[in-house]
>>> print(open('start.txt').read())   # compact mmCIF, C-alpha atoms and all ligand atoms
# COMPACT_ATOMS: atom_id res chain seq x y z
CA MET J 108 0.00 0.00 0.00
CA ALA J 109 2.76 2.42 1.01
CA PHE J 110 4.65 1.53 -2.16
CA LYS J 111 1.55 2.37 -4.20
CA LYS J 112 1.23 5.70 -2.42
CA ILE J 113 4.71 6.75 -3.52
CA PHE J 114 3.75 6.33 -7.13
CA ASN J 115 0.69 8.55 -7.19
CA LEU J 116 0.21 11.16 -9.88
CA LYS J 117 1.61 14.07 -7.86
CA THR J 118 4.89 12.29 -7.01
CA LEU J 119 5.37 11.13 -10.59
CA SER J 120 4.69 14.55 -12.10
CA SER J 121 7.02 16.25 -9.57
CA ALA J 122 9.76 13.71 -10.34
CA PHE J 123 9.23 14.26 -14.07
CA ALA J 124 9.41 18.06 -13.66
CA GLY J 125 12.62 17.70 -11.63
CA MET J 126 14.19 15.43 -14.23
CA LEU J 127 13.18 17.82 -16.99
CA LEU J 128 14.75 20.71 -15.12
CA LEU J 129 18.00 18.85 -14.58
CA ALA J 130 18.11 17.65 -18.19
CA THR J 131 17.50 21.18 -19.52
CA SER J 132 20.20 22.73 -17.40
CA THR J 133 22.65 19.94 -18.27
CA VAL J 134 21.93 20.37 -22.00
CA MET J 135 22.38 24.13 -21.66
CA ALA J 136 25.64 23.61 -19.82
CA GLN J 137 26.85 21.14 -22.48
CA ASP J 138 25.89 23.58 -25.19
CA THR J 139 27.98 26.26 -23.51
CA THR J 140 30.90 23.87 -23.19
CA ALA J 141 30.61 22.80 -26.82
CA THR J 142 30.47 26.31 -28.23
CA ASN J 143 33.29 27.63 -26.12
CA SER J 144 36.97 27.00 -26.68
CA ALA J 145 39.14 25.09 -24.23
CA VAL J 146 40.12 28.38 -22.55
CA ALA J 147 36.52 29.03 -21.57
CA ASP J 148 36.08 25.47 -20.32
CA ASP J 149 36.45 26.41 -16.66
CA ALA J 150 33.93 29.21 -17.01
CA ALA J 151 31.48 26.78 -18.65
CA LYS J 152 31.95 24.30 -15.84
CA SER J 153 31.32 26.93 -13.19
CA ALA J 154 28.27 28.08 -15.16
CA MET J 155 27.02 24.49 -15.06
CA TRP J 156 27.38 24.38 -11.28
CA THR J 157 25.48 27.59 -10.84
CA SER J 158 22.70 26.41 -13.14
CA VAL J 159 19.03 26.05 -12.30
CA GLY J 160 19.46 22.37 -11.47
CA TYR J 161 22.14 23.15 -8.88
CA TYR J 162 19.93 25.64 -7.04
CA SER J 163 16.96 23.27 -7.23
CA LEU J 164 19.00 20.51 -5.60
CA LEU J 165 20.25 22.96 -2.99
CA LEU J 166 16.65 23.89 -2.17
CA VAL J 167 15.68 20.22 -1.84
CA LEU J 168 18.69 19.66 0.45
CA VAL J 169 17.79 22.64 2.66
CA CYS J 170 14.17 21.37 2.88
CA ILE J 171 15.39 17.89 3.92
CA ILE J 172 17.69 19.38 6.60
CA VAL J 173 14.87 21.58 7.94
CA GLY J 174 12.59 18.50 7.95
CA ILE J 175 15.18 16.45 9.89
CA ILE J 176 15.68 19.25 12.46
CA GLY J 177 11.88 19.44 12.83
CA LYS J 178 11.66 15.69 13.47
CA ILE J 179 14.50 15.83 16.03
CA LEU J 180 12.76 18.65 17.87
CA ARG J 181 9.50 16.72 17.82
CA VAL J 182 11.24 13.64 19.32
CA TYR J 183 12.84 15.89 21.97
CA ASP J 184 9.43 17.39 22.73
CA LEU J 185 7.80 13.97 23.07
CA THR J 186 10.65 12.77 25.32
CA LEU J 187 10.10 15.77 27.60
CA GLN J 188 6.38 15.02 27.74
CA ILE J 189 7.00 11.34 28.57
CA GLN J 190 9.36 12.38 31.36
CA GLY J 191 6.63 14.66 32.69
CA LYS J 192 8.75 17.75 32.11
CA LYS J 193 7.47 20.99 30.64
CA ALA J 194 7.11 20.62 26.85
CA VAL J 195 8.54 23.06 24.31
CA ASN J 196 6.36 26.14 23.96
CA TRP J 197 5.98 26.23 20.21
CA ASN J 198 4.01 29.48 20.31
CA ASN J 199 7.01 31.22 21.89
CA VAL J 200 9.36 29.61 19.36
CA MET J 201 7.19 30.74 16.44
CA GLY J 202 6.82 34.24 17.97
CA ALA J 203 10.60 34.57 18.33
CA LEU J 204 11.06 33.33 14.75
CA PHE J 205 8.64 36.02 13.53
CA VAL J 206 10.73 38.72 15.19
CA LEU J 207 13.92 37.18 13.83
CA PHE J 208 12.40 37.04 10.34
CA LEU J 209 11.42 40.72 10.62
CA ALA J 210 14.92 41.77 11.68
CA VAL J 211 16.70 39.63 9.05
CA GLY J 212 14.22 40.68 6.33
CA LEU J 213 14.53 44.40 7.04
CA TYR J 214 18.31 44.12 7.20
CA GLY J 215 18.22 42.22 3.87
CA ALA J 216 16.16 45.01 2.30
CA PHE J 217 18.55 47.63 3.70
CA TRP J 218 21.55 45.61 2.45
CA SER J 219 20.13 45.32 -1.07
CA PHE J 220 19.37 49.06 -1.17
CA THR J 221 22.92 49.97 -0.16
CA VAL J 222 24.89 47.28 -2.03
CA GLN J 223 22.78 46.82 -5.15
CA GLY J 224 21.47 50.38 -5.01
CA SER J 225 25.00 51.64 -5.55
CA MET J 226 25.02 49.77 -8.89
CA LEU J 227 22.25 52.03 -10.23
CA LEU J 228 22.82 53.95 -13.41
CA PRO J 229 24.44 57.37 -13.07
CA GLU J 230 22.24 60.47 -13.33
CA ALA J 231 20.03 60.70 -16.42
CA ALA J 232 21.82 62.26 -19.38
CA SER J 233 18.69 63.51 -21.14
CA ILE J 234 15.89 65.98 -20.39
CA HIS J 235 13.07 63.46 -20.19
CA GLY J 236 15.36 61.02 -18.31
CA VAL J 237 15.32 63.34 -15.27
CA LYS J 238 11.50 63.26 -15.27
CA THR J 239 11.32 59.47 -15.51
CA ASP J 240 13.90 59.15 -12.73
CA ASN J 241 11.89 61.48 -10.48
CA MET J 242 8.77 59.43 -11.11
CA PHE J 243 10.65 56.26 -10.30
CA MET J 244 12.03 57.69 -7.07
CA VAL J 245 8.60 58.91 -5.91
CA THR J 246 7.02 55.48 -6.57
CA PHE J 247 9.98 53.78 -4.93
CA GLY J 248 9.79 56.06 -1.85
CA ILE J 249 6.06 55.42 -1.36
CA THR J 250 6.37 51.65 -1.75
CA VAL J 251 9.37 51.45 0.61
CA ILE J 252 7.51 53.41 3.34
CA VAL J 253 4.45 51.14 2.95
CA PHE J 254 6.66 48.05 2.89
CA VAL J 255 8.52 48.92 6.13
CA ILE J 256 5.37 49.93 8.05
CA THR J 257 3.34 46.85 7.00
CA GLN J 258 6.19 44.41 7.69
CA ILE J 259 6.79 45.85 11.18
CA LEU J 260 3.05 45.75 12.00
CA LEU J 261 2.59 42.24 10.59
CA PHE J 262 5.46 40.53 12.42
CA THR J 263 5.30 42.55 15.66
CA PHE J 264 1.58 41.78 16.00
CA SER J 265 2.22 38.09 15.30
CA PHE J 266 4.77 38.09 18.13
CA LYS J 267 2.89 40.28 20.59
CA TYR J 268 -0.43 38.49 20.24
CA ARG J 269 0.85 34.92 20.00
CA ASN J 270 -1.16 32.29 21.79
CA THR J 271 -0.28 32.09 25.48
CA GLY J 272 -3.19 29.88 26.41
CA LYS J 273 -4.54 32.70 28.54
CA ARG J 274 -6.34 34.73 25.92
CA LYS J 275 -8.82 33.95 23.24
CA ALA J 276 -8.79 35.40 19.75
CA TYR J 277 -11.37 38.11 19.23
CA PHE J 278 -13.77 37.24 16.41
CA TYR J 279 -13.68 40.29 14.17
CA PRO J 280 -14.92 39.39 10.69
CA HIS J 281 -15.77 42.74 9.16
CA ASN J 282 -15.36 46.50 9.48
CA ASN J 283 -16.61 48.80 6.76
CA THR J 284 -14.58 51.81 7.93
CA ILE J 285 -11.28 49.92 7.76
CA GLU J 286 -12.23 48.47 4.35
CA LYS J 287 -12.99 51.97 3.07
CA ILE J 288 -9.69 53.36 4.37
CA TRP J 289 -7.50 50.66 2.87
CA THR J 290 -9.34 50.81 -0.45
CA VAL J 291 -9.66 54.56 -0.88
CA ILE J 292 -6.14 55.62 0.18
CA PRO J 293 -4.25 53.23 -2.16
CA ALA J 294 -6.72 54.08 -4.94
CA ILE J 295 -6.01 57.83 -4.56
CA VAL J 296 -2.21 57.30 -4.38
CA LEU J 297 -2.22 54.97 -7.41
CA THR J 298 -4.45 57.35 -9.40
CA ILE J 299 -2.04 60.24 -8.72
CA LEU J 300 0.95 58.06 -9.73
CA VAL J 301 -0.73 56.76 -12.89
CA ILE J 302 -1.94 60.21 -14.00
CA THR J 303 1.52 61.75 -13.40
CA GLY J 304 3.06 58.85 -15.32
CA PHE J 305 0.56 59.29 -18.13
CA PHE J 306 1.39 62.98 -18.55
CA THR J 307 5.13 62.33 -18.41
CA TRP J 308 4.81 59.56 -20.99
CA LYS J 309 2.64 61.79 -23.20
CA GLU J 310 5.24 64.53 -23.01
CA ILE J 311 8.00 62.09 -23.99
CA THR J 312 6.20 60.37 -26.85
CA ASN J 313 4.15 63.26 -28.27
CA THR J 314 7.09 64.45 -30.27
CA THR J 315 6.88 65.48 -33.85
CA GLU J 316 9.79 66.33 -36.01
CA GLU J 317 10.73 69.97 -35.90
CA LYS J 318 13.10 72.01 -38.00
CA GLY J 319 16.63 71.73 -36.66
CA ASP J 320 16.13 68.28 -35.15
CA ILE J 321 18.92 65.86 -35.89
CA ASN J 322 17.47 62.93 -37.74
CA VAL J 323 19.29 59.63 -37.42
CA ASP J 324 18.31 56.22 -38.70
CA VAL J 325 19.01 53.22 -36.48
CA THR J 326 18.29 49.87 -38.07
CA GLY J 327 18.60 46.57 -36.28
CA HIS J 328 19.42 43.26 -37.89
CA GLN J 329 20.92 40.03 -36.61
CA PHE J 330 23.33 40.95 -35.05
CA ALA J 331 24.25 44.59 -35.44
CA TRP J 332 22.93 48.12 -35.55
CA GLU J 333 23.34 50.19 -38.70
CA ILE J 334 23.48 53.94 -38.26
CA ARG J 335 22.65 56.35 -41.08
CA TYR J 336 22.96 60.13 -40.91
CA PRO J 337 21.51 62.61 -43.36
CA GLY J 338 24.11 64.57 -45.29
CA LYS J 339 24.18 68.33 -45.77
CA ASP J 340 20.52 68.49 -46.80
CA GLY J 341 19.54 67.25 -43.34
CA LYS J 342 17.12 64.77 -44.87
CA LEU J 343 17.37 60.99 -44.92
CA GLY J 344 16.59 59.26 -48.17
CA SER J 345 13.76 56.73 -48.16
CA LYS J 346 14.29 53.00 -47.85
CA LYS J 347 12.69 50.04 -49.58
CA TYR J 348 13.19 46.50 -48.43
CA THR J 349 13.15 45.27 -52.06
CA LEU J 350 16.36 47.21 -52.75
CA TYR J 351 18.32 45.35 -50.12
CA SER J 352 21.64 43.88 -51.35
CA ALA J 353 25.13 43.08 -50.05
CA SER J 354 26.30 46.65 -50.71
CA ASN J 355 22.98 48.33 -50.00
CA ILE J 356 22.37 46.67 -46.65
CA LEU J 357 19.71 49.15 -45.63
CA GLY J 358 17.85 49.06 -48.93
CA VAL J 359 18.23 52.82 -49.45
CA ASP J 360 16.27 54.06 -52.44
CA PHE J 361 18.55 56.08 -54.71
CA LYS J 362 15.62 57.33 -56.74
CA ASP J 363 15.13 59.65 -53.80
CA LYS J 364 17.73 62.37 -54.18
CA ASN J 365 17.84 62.91 -50.41
CA SER J 366 19.74 59.61 -50.24
CA PHE J 367 22.77 60.72 -52.23
CA ASP J 368 24.56 62.47 -49.40
CA ASP J 369 23.47 60.11 -46.60
CA LEU J 370 26.27 58.91 -44.36
CA HIS J 371 26.95 55.48 -42.90
CA ALA J 372 28.42 55.84 -39.41
CA ASP J 373 29.92 53.38 -37.01
CA THR J 374 29.32 55.35 -33.82
CA LEU J 375 26.23 57.26 -32.79
CA VAL J 376 27.75 60.70 -32.27
CA LEU J 377 25.32 63.40 -31.16
CA PRO J 378 25.72 67.03 -30.15
CA VAL J 379 24.76 67.95 -26.60
CA ASN J 380 21.53 69.90 -25.92
CA ARG J 381 20.10 69.34 -29.41
CA ALA J 382 16.87 67.43 -30.02
CA VAL J 383 17.59 64.14 -31.73
CA ARG J 384 15.04 62.03 -33.54
CA ILE J 385 16.06 58.40 -33.77
CA ASN J 386 14.17 56.63 -36.55
CA ILE J 387 14.04 52.99 -35.62
CA SER J 388 13.47 49.97 -37.83
CA ALA J 389 14.33 46.27 -37.97
CA GLN J 390 15.11 44.02 -40.89
CA ASP J 391 14.50 40.56 -39.49
CA VAL J 392 13.21 40.02 -35.98
CA ILE J 393 12.13 42.37 -33.21
CA HIS J 394 15.08 44.24 -31.71
CA SER J 395 14.96 47.08 -29.23
CA VAL J 396 16.94 50.29 -29.11
CA TYR J 397 18.07 50.68 -25.52
CA MET J 398 20.19 53.57 -24.29
CA PRO J 399 19.95 53.28 -20.51
CA HIS J 400 21.91 56.44 -19.65
CA PHE J 401 19.40 58.54 -21.59
CA ARG J 402 16.45 56.45 -20.32
CA VAL J 403 15.55 55.60 -23.90
CA GLN J 404 14.07 52.32 -24.98
CA LEU J 405 11.89 51.56 -27.97
CA ASN J 406 11.29 48.39 -29.95
CA ALA J 407 12.56 48.00 -33.50
CA VAL J 408 9.81 46.09 -35.27
CA PRO J 409 10.09 44.76 -38.84
CA GLY J 410 7.67 46.61 -41.09
CA LEU J 411 6.70 49.11 -38.40
CA PRO J 412 8.98 52.16 -38.25
CA THR J 413 9.08 53.74 -34.80
CA TYR J 414 10.94 56.76 -33.49
CA PHE J 415 12.07 58.30 -30.26
CA LYS J 416 12.99 61.92 -29.70
CA PHE J 417 15.29 62.93 -26.90
CA THR J 418 17.74 65.65 -25.96
CA PRO J 419 21.08 64.58 -24.50
CA THR J 420 22.28 66.95 -21.78
CA ILE J 421 25.62 65.60 -20.57
CA THR J 422 28.59 65.10 -22.89
CA THR J 423 30.63 61.90 -22.75
CA SER J 424 33.62 63.74 -21.29
CA GLU J 425 31.45 65.39 -18.60
CA MET J 426 29.99 62.00 -17.69
CA ARG J 427 33.50 60.50 -17.56
CA SER J 428 34.45 62.95 -14.83
CA LYS J 429 31.08 62.52 -13.05
CA VAL J 430 31.47 58.75 -12.80
CA ASP J 431 35.24 59.06 -12.35
CA ASN J 432 35.98 56.65 -15.18
CA PRO J 433 38.10 57.96 -18.08
CA LYS J 434 37.00 55.04 -20.25
CA PHE J 435 33.26 55.53 -19.77
CA GLU J 436 31.12 55.35 -22.91
CA TYR J 437 27.40 55.69 -23.39
CA LEU J 438 26.09 52.60 -25.14
CA LEU J 439 23.24 51.60 -27.39
CA TYR J 440 22.17 48.02 -26.70
CA CYS J 441 19.56 45.68 -28.09
CA ASN J 442 17.06 44.97 -25.36
CA LYS J 443 15.26 42.06 -27.01
CA ILE J 444 16.70 38.58 -26.87
CA CYS J 445 16.80 38.43 -30.64
CA GLY J 446 19.06 35.39 -31.21
CA GLY J 447 22.35 33.68 -30.37
CA SER J 448 24.63 36.69 -30.82
CA HIS J 449 22.19 39.22 -29.37
CA TYR J 450 24.85 40.32 -26.88
CA ASN J 451 26.91 41.61 -29.81
CA MET J 452 24.42 44.33 -30.62
CA GLN J 453 26.22 47.25 -29.04
CA LYS J 454 27.16 50.64 -30.37
CA VAL J 455 29.04 53.42 -28.70
CA VAL J 456 27.01 56.62 -28.30
CA ARG J 457 29.18 59.70 -27.96
CA ILE J 458 27.78 63.03 -26.86
CA VAL J 459 29.98 65.91 -27.96
CA THR J 460 29.90 69.67 -28.42
CA ASP J 461 28.41 71.21 -31.58
CA ALA J 462 31.85 71.95 -33.05
CA GLU J 463 33.10 68.41 -32.40
CA TYR J 464 29.91 67.02 -33.93
CA ASN J 465 30.28 69.03 -37.14
CA ASP J 466 33.93 68.07 -37.39
CA TRP J 467 33.10 64.37 -36.90
CA LEU J 468 30.21 64.51 -39.39
CA SER J 469 32.44 66.00 -42.09
CA LYS J 470 34.73 62.96 -41.81
CA GLN J 471 32.05 60.29 -42.19
CA LYS J 472 31.91 57.98 -45.17
CA PRO J 473 29.00 58.35 -47.59
CA TYR J 474 26.50 55.52 -47.58
CA LEU J 475 26.83 55.39 -51.35
CA SER J 476 30.06 53.43 -51.30
CA ASP J 477 32.19 52.55 -54.32
CA ALA J 478 30.85 49.01 -54.26
CA LEU J 479 27.31 50.31 -54.25
CA LYS J 480 28.04 52.74 -57.08
CA LYS J 481 29.47 49.87 -59.06
CA GLU J 482 26.48 47.69 -58.30
CA LEU J 483 24.00 50.35 -59.38
CA LYS J 484 25.92 51.13 -62.55
CA LEU J 485 26.13 47.49 -63.53
CA ALA J 486 22.50 46.85 -62.96
CA ASP J 487 20.50 46.47 -66.15
CA ASN J 488 16.91 47.00 -67.28
CA GLY J 489 14.91 49.13 -64.87
CA GLN J 490 17.93 49.71 -62.70
CA THR J 491 19.96 51.43 -65.45
CA LYS J 492 17.91 54.59 -65.19
CA GLU J 493 18.45 54.63 -61.48
CA ALA J 494 22.19 54.24 -61.92
CA ALA J 495 22.24 57.10 -64.40
CA GLN J 496 20.44 59.27 -61.88
CA ASN J 497 22.99 58.37 -59.29
CA ARG J 498 25.86 59.31 -61.57
CA LEU J 499 24.20 62.64 -62.14
CA ALA J 500 23.75 63.19 -58.48
CA LEU J 501 27.31 62.28 -57.71
CA ASN J 502 28.49 65.02 -60.01
CA ASN J 503 26.44 67.55 -58.09
CU CU E 1 18.69 42.49 -31.32
>>> encode(input="start.txt", output="structure tokens", more="lines below")
Ligand SMILES: [Cu+2]
Amino acid sequence: MAFKKIFNLKTLSSAFAGMLLLATSTVMAQDTTATNSAVADDAAKSAMWTSVGYYSLLLVLVCIIVGIIGKILRVYDLTLQIQGKKAVNWNNVMGALFVLFLAVGLYGAFWSFTVQGSMLLPEAASIHGVKTDNMFMVTFGITVIVFVITQILLFTFSFKYRNTGKRKAYFYPHNNTIEKIWTVIPAIVLTILVITGFFTWKEITNTTEEKGDINVDVTGHQFAWEIRYPGKDGKLGSKKYTLYSASNILGVDFKDKNSFDDLHADTLVLPVNRAVRINISAQDVIHSVYMPHFRVQLNAVPGLPTYFKFTPTITTSEMRSKVDNPKFEYLLYCNKICGGSHYNMQKVVRIVTDAEYNDWLSKQKPYLSDALKKELKLADNGQTKEAAQNRLALNN
């Protein structure tokens, strides 16, 4: 009978889930080992040991140890009772554990705020970034205050009013006034937070292109970002996915004369205190433009051009002295797990003065490279006309 009990549905499904977990983490670990060279072998091994399976086993082990300690205490308790001695007062033990849990928990929260809190990003380097940070800090402040007060009340009450055998719990099923208070106050606070957030978000996203804005194209593909600047005309030429080729990797349409002076850059260099419109697109899967220091993040969706407008306020060199790191660089990441080499999708973003920006821009290579010129010239039929137009434009 007992043997049958072990093999009920719950035990079997738990065992299956555990095996699946272990197998997955082992396969993942093997995959890491296989793809890495011998040099990275040690790192792969350590990654295997810190995998999900390892922590699951650790949890099981801790549970078993706690269970054994519990059984020992129970035996001790029973022995005391048999000997006619005073048994363990479990209510006192539980009460003391509640207080201990409160102290350890609050210290843990304090520790994470000080240790992990110091890993926060440096101050926002854009105008709207300051607003989002303020909103975050207000929400954080309110939740921390509520968290500390409720935890202290919860655990102190559990300790203070533990069962002593002398008092009886007061039956108190309902109180409309208390219900109203704890419904109305959070509702008002949340409404204020949501409305403030809504207006801040509206201010950030309700941005149309204005004269003088710097217009930059950022296109994501597996696994890189392509950056395109407008030339002297300040206008980016249009793109067409059908025109994509090895030399024309963005599919820029050279029937549009705005394309002729477009520039292909390797770094996203932007002048400080100027509004920048980043036109975002993707060529294969969903990527996401993520520039944490400017508090910018927007998805790059194939077939759905998006844009984000922001104004950088702190130059790279100013930020280097602020964070006391001469090698500091702002970065543009991909924030969608878009494939195996997703981690490669990084570009340096450099914020410079107006003069430095103009100097840098004048040194950038045109998008219309020699290879592309050759390709367009050699193209026949319908493309010939296009090539001729390009030749004309190049003479301008
Ligand atoms: Cu990506």
>>> atom_distance(input="start.txt", atom1="CA of Val376 in chain J", atom2="CA of Val456 in chain J")
5.7 Å
>>> atom_distance(input="start.txt", atom1="CA of Leu350 in chain J", atom2="CA of Lys362 in chain J")
10.9 Å
>>> residues_near_ligand(input="start.txt", ligand="ligand CU 1 (chain E)", cutoff="9 Å", atoms="all atoms listed in the file", output="ChimeraX atom specification")
/J:327-332,389,392-396,407,440-446,448-452
>>> residues_around(input="start.txt", residues="range 212-226 of chain J", least_positions_apart="4", cutoff="10 Å", atoms="all atoms listed in the file", output="list in words")
Val206, Leu207, Phe208, Val251, Phe254, Val255, Gln258 and Ile259 of chain J
>>> atom_distance(input="start.txt", atom1="CA of Glu436 in chain J", atom2="CA of Arg457 in chain J")
6.9 Å
>>> residues_around(input="start.txt", residues="Thr420 in chain J", least_positions_apart="2", cutoff="6 Å", atoms="only C-alpha atoms", output="number ranges by chain")
J: 232-233, 379-380
>>> closest_residue(input="start.txt", among="J:Ser424, J:Gln453, J:Gln390, J:Asn432", to="Tyr351 in chain J", atoms="all atoms listed in the file")
J:Gln390
>>> closest_atom_pairs(input="start.txt", of="range 336-410 of chain J", to="range 467-485 of chain J", cutoff="10 Å", atoms="all atoms listed in the file", output="CSV")
residue,atom,partner,partner_atom,distance
J:Tyr336,CA,J:Leu468,CA,8.6
J:Pro337,CA,J:Pro473,CA,9.6
J:Gly338,CA,J:Pro473,CA,8.2
J:Lys339,CA,J:Ser469,CA,9.3
J:Ser352,CA,J:Leu479,CA,9.1
J:Ala353,CA,J:Leu479,CA,8.6
J:Ser354,CA,J:Leu479,CA,5.2
J:Asn355,CA,J:Leu479,CA,6.4
J:Ile356,CA,J:Leu479,CA,9.8
J:Leu357,CA,J:Tyr474,CA,9.5
J:Val359,CA,J:Tyr474,CA,8.9
J:Phe361,CA,J:Leu475,CA,9.0
J:Ser366,CA,J:Leu475,CA,8.3
J:Phe367,CA,J:Leu475,CA,6.8
J:Asp368,CA,J:Pro473,CA,6.3
J:Asp369,CA,J:Tyr474,CA,5.6
J:Leu370,CA,J:Pro473,CA,4.3
J:His371,CA,J:Tyr474,CA,4.7
J:Ala372,CA,J:Gln471,CA,6.4
J:Asp373,CA,J:Gln471,CA,8.9
J:Val376,CA,J:Trp467,CA,8.0
J:Leu377,CA,J:Leu468,CA,9.6
>>> write_last_selection(input="start.txt", atoms="C-alpha atoms", output="PDB file, keeping the file's coordinate frame")
ATOM      1  CA  TYR J 336      22.960  60.130 -40.910  1.00  0.00           C
ATOM      2  CA  PRO J 337      21.510  62.610 -43.360  1.00  0.00           C
ATOM      3  CA  GLY J 338      24.110  64.570 -45.290  1.00  0.00           C
ATOM      4  CA  LYS J 339      24.180  68.330 -45.770  1.00  0.00           C
ATOM      5  CA  SER J 352      21.640  43.880 -51.350  1.00  0.00           C
ATOM      6  CA  ALA J 353      25.130  43.080 -50.050  1.00  0.00           C
ATOM      7  CA  SER J 354      26.300  46.650 -50.710  1.00  0.00           C
ATOM      8  CA  ASN J 355      22.980  48.330 -50.000  1.00  0.00           C
ATOM      9  CA  ILE J 356      22.370  46.670 -46.650  1.00  0.00           C
ATOM     10  CA  LEU J 357      19.710  49.150 -45.630  1.00  0.00           C
ATOM     11  CA  VAL J 359      18.230  52.820 -49.450  1.00  0.00           C
ATOM     12  CA  PHE J 361      18.550  56.080 -54.710  1.00  0.00           C
ATOM     13  CA  SER J 366      19.740  59.610 -50.240  1.00  0.00           C
ATOM     14  CA  PHE J 367      22.770  60.720 -52.230  1.00  0.00           C
ATOM     15  CA  ASP J 368      24.560  62.470 -49.400  1.00  0.00           C
ATOM     16  CA  ASP J 369      23.470  60.110 -46.600  1.00  0.00           C
ATOM     17  CA  LEU J 370      26.270  58.910 -44.360  1.00  0.00           C
ATOM     18  CA  HIS J 371      26.950  55.480 -42.900  1.00  0.00           C
ATOM     19  CA  ALA J 372      28.420  55.840 -39.410  1.00  0.00           C
ATOM     20  CA  ASP J 373      29.920  53.380 -37.010  1.00  0.00           C
ATOM     21  CA  VAL J 376      27.750  60.700 -32.270  1.00  0.00           C
ATOM     22  CA  LEU J 377      25.320  63.400 -31.160  1.00  0.00           C
TER      23      LEU J 377
END
>>> residues_around(input="start.txt", residues="range 264-275 of chain J", least_positions_apart="6", cutoff="9 Å", atoms="only C-alpha atoms", output="JSON, numbers by chain")
{"J": [198, 199, 201, 202, 203, 204, 205, 206]}
>>> axis_aligned_box(input="start.txt", around="range 216-233 of chain J", padding_each_side="5 Å", output="AutoDock Vina command-line options")
--center_x 20.6 --center_y 54.3 --center_z -8.7 --size_x 18.9 --size_y 28.5 --size_z 34.8
>>> closest_residue(input="start.txt", among="J:Leu209, J:His281, J:His235, J:Ile299", to="Ile256 in chain J", atoms="all atoms listed in the file")
J:Leu209
>>> closest_residue(input="start.txt", among="J:Ile249, J:Ile171, J:Val459, J:Val325", to="Leu405 in chain J", atoms="all atoms listed in the file")
J:Val325
>>> residues_around(input="start.txt", residues="Lys454 in chain J", least_positions_apart="5", cutoff="7 Å", atoms="all atoms listed in the file", output="PyMOL selection string")
chain J and resi 374+438-440
